[in-house]
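All remarks here apply to the structure that follows.
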Amino acid sequence: MELELHIYGRNLGIDDKTREHVESKLDQIDRHRPGLSNATVELAYEATRSQNYRIVAQVTLHVGRTLLRAQQRAANTTSAINSIA
């Protein structure tokens, strides 16, 4: 079964490099967690006092009948995604 992946940006543009990085990380998860059918990734920019927490990455995975969700804040999209996956 093919993984259905949705990537959204809120106050943040999603470029090809970021999209490829997310796909690469989710492929790694898919290998370790069979049954992954749907994944939603939301990357958001939030103006905070600390520059270290401005990017928020939230990943929601549908594995069978189970819903898994993770959220992480970081200074950039790559670090936020790496912290989750």
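Here's how to read the names in the structure tokens: chain A, B, ... by the order shown, residue numbers from 1 in each chain, ligand numbers from 1 in the order shown.
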- range 34-45 of chain A environment, 9 Å, only C-alpha atoms, sequence neighbours closer than 2 positions dropped, as JSON, numbers by chain: {"A": [1, 2, 3, 4, 5, 6, 7, 8, 9, 10, 11, 12, 13, 14, 22, 26, 29, 30, 31, 32, 47, 54, 55, 56, 57, 58, 59, 60, 61, 62, 63, 64, 77, 80, 81]}
Please identify which residues in chain A DSSP calls strand (DSSP E or B) from the backbone, and express them as a PyMOL selection string. chain A and resi 4-10+36-45+55-63+66-74
What are the DSSP alpha helix (DSSP H) residues of chain A, as a short mmCIF file (atom, residue, chain, number, x, y, z; two decimals) with N, CA, C and O atoms, in the first residue's frame?
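Wrote result-v5.cif, looks like this:
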data_model
loop_
_atom_site.label_atom_id
_atom_site.label_comp_id
_atom_site.auth_asym_id
_atom_site.auth_seq_id
_atom_site.Cartn_x
_atom_site.Cartn_y
_atom_site.Cartn_z
N ASP A 16 11.14 22.60 -2.40
CA ASP A 16 11.41 21.22 -2.82
C ASP A 16 12.38 20.51 -1.88
O ASP A 16 12.21 19.32 -1.59
N LYS A 17 13.37 21.23 -1.39
CA LYS A 17 14.36 20.63 -0.48
C LYS A 17 13.69 20.16 0.82
O LYS A 17 13.96 19.06 1.30
N THR A 18 12.82 20.98 1.37
CA THR A 18 12.09 20.62 2.60
C THR A 18 11.17 19.44 2.34
O THR A 18 11.10 18.50 3.13
N ARG A 19 10.47 19.46 1.22
CA ARG A 19 9.56 18.36 0.86
C ARG A 19 10.34 17.05 0.73
O ARG A 19 9.91 16.01 1.24
N GLU A 20 11.48 17.08 0.08
CA GLU A 20 12.31 15.87 -0.07
C GLU A 20 12.81 15.37 1.28
O GLU A 20 12.86 14.16 1.52
N HIS A 21 13.17 16.29 2.17
CA HIS A 21 13.65 15.90 3.50
C HIS A 21 12.54 15.22 4.30
O HIS A 21 12.76 14.19 4.93
N VAL A 22 11.33 15.77 4.24
CA VAL A 22 10.19 15.18 4.93
C VAL A 22 9.90 13.79 4.36
O VAL A 22 9.71 12.82 5.11
N GLU A 23 9.89 13.66 3.05
CA GLU A 23 9.63 12.36 2.41
C GLU A 23 10.68 11.34 2.81
O GLU A 23 10.36 10.18 3.08
N SER A 24 11.94 11.75 2.87
CA SER A 24 13.02 10.85 3.27
C SER A 24 12.83 10.35 4.70
O SER A 24 12.97 9.16 4.99
N LYS A 25 12.50 11.25 5.61
CA LYS A 25 12.29 10.87 7.01
C LYS A 25 11.09 9.95 7.17
O LYS A 25 11.13 8.98 7.94
N LEU A 26 10.01 10.23 6.45
CA LEU A 26 8.82 9.38 6.56
C LEU A 26 9.04 8.01 5.92
O LEU A 26 8.47 7.03 6.37
N ASP A 27 9.89 7.94 4.90
CA ASP A 27 10.26 6.63 4.35
C ASP A 27 10.97 5.78 5.40
O ASP A 27 10.75 4.58 5.49
N GLN A 28 11.83 6.41 6.19
CA GLN A 28 12.52 5.69 7.27
C GLN A 28 11.52 5.17 8.30
O GLN A 28 11.63 4.04 8.76
N ILE A 29 10.55 6.00 8.65
CA ILE A 29 9.53 5.58 9.62
C ILE A 29 8.70 4.44 9.03
O ILE A 29 8.39 3.47 9.71
N ASP A 30 8.36 4.54 7.75
CA ASP A 30 7.54 3.53 7.08
C ASP A 30 8.24 2.16 7.10
O ASP A 30 7.59 1.13 7.23
N ARG A 31 9.55 2.15 6.97
CA ARG A 31 10.29 0.89 7.01
C ARG A 31 10.24 0.23 8.39
O ARG A 31 10.23 -0.98 8.51
N HIS A 32 10.23 1.05 9.44
CA HIS A 32 10.23 0.52 10.80
C HIS A 32 8.82 0.31 11.36
O HIS A 32 8.65 -0.41 12.34
N THR A 77 13.40 24.37 9.86
CA THR A 77 12.55 23.24 9.50
C THR A 77 13.30 21.91 9.58
O THR A 77 12.75 20.93 10.05
N THR A 78 14.53 21.87 9.14
CA THR A 78 15.30 20.64 9.15
C THR A 78 15.47 20.11 10.57
O THR A 78 15.25 18.92 10.82
N SER A 79 15.82 20.96 11.49
CA SER A 79 15.98 20.53 12.89
C SER A 79 14.67 20.07 13.49
O SER A 79 14.65 19.07 14.23
N ALA A 80 13.59 20.75 13.18
CA ALA A 80 12.29 20.37 13.72
C ALA A 80 11.87 18.99 13.21
O ALA A 80 11.41 18.14 13.96
N ILE A 81 12.07 18.76 11.92
CA ILE A 81 11.70 17.47 11.32
C ILE A 81 12.59 16.36 11.86
O ILE A 81 12.12 15.28 12.20
N ASN A 82 13.89 16.63 11.98
CA ASN A 82 14.82 15.62 12.51
C ASN A 82 14.50 15.26 13.96
O ASN A 82 14.70 14.12 14.37
N SER A 83 14.00 16.21 14.73
CA SER A 83 13.66 15.94 16.13
C SER A 83 12.46 15.01 16.26
O SER A 83 12.34 14.28 17.23
N ILE A 84 11.59 15.06 15.28
CA ILE A 84 10.39 14.22 15.31
C ILE A 84 10.68 12.83 14.76
O ILE A 84 10.29 11.82 15.34
#
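In this structure, CA of Arg49 in chain A sits 29.5 Å away from CA of Leu68 in chain A.
Between Asn52 in chain A and the residues A:Arg33, A:Arg65, A:Asn76, A:Ala85, the shortest atom-to-atom distance, using only C-alpha atoms, involves A:Asn76.
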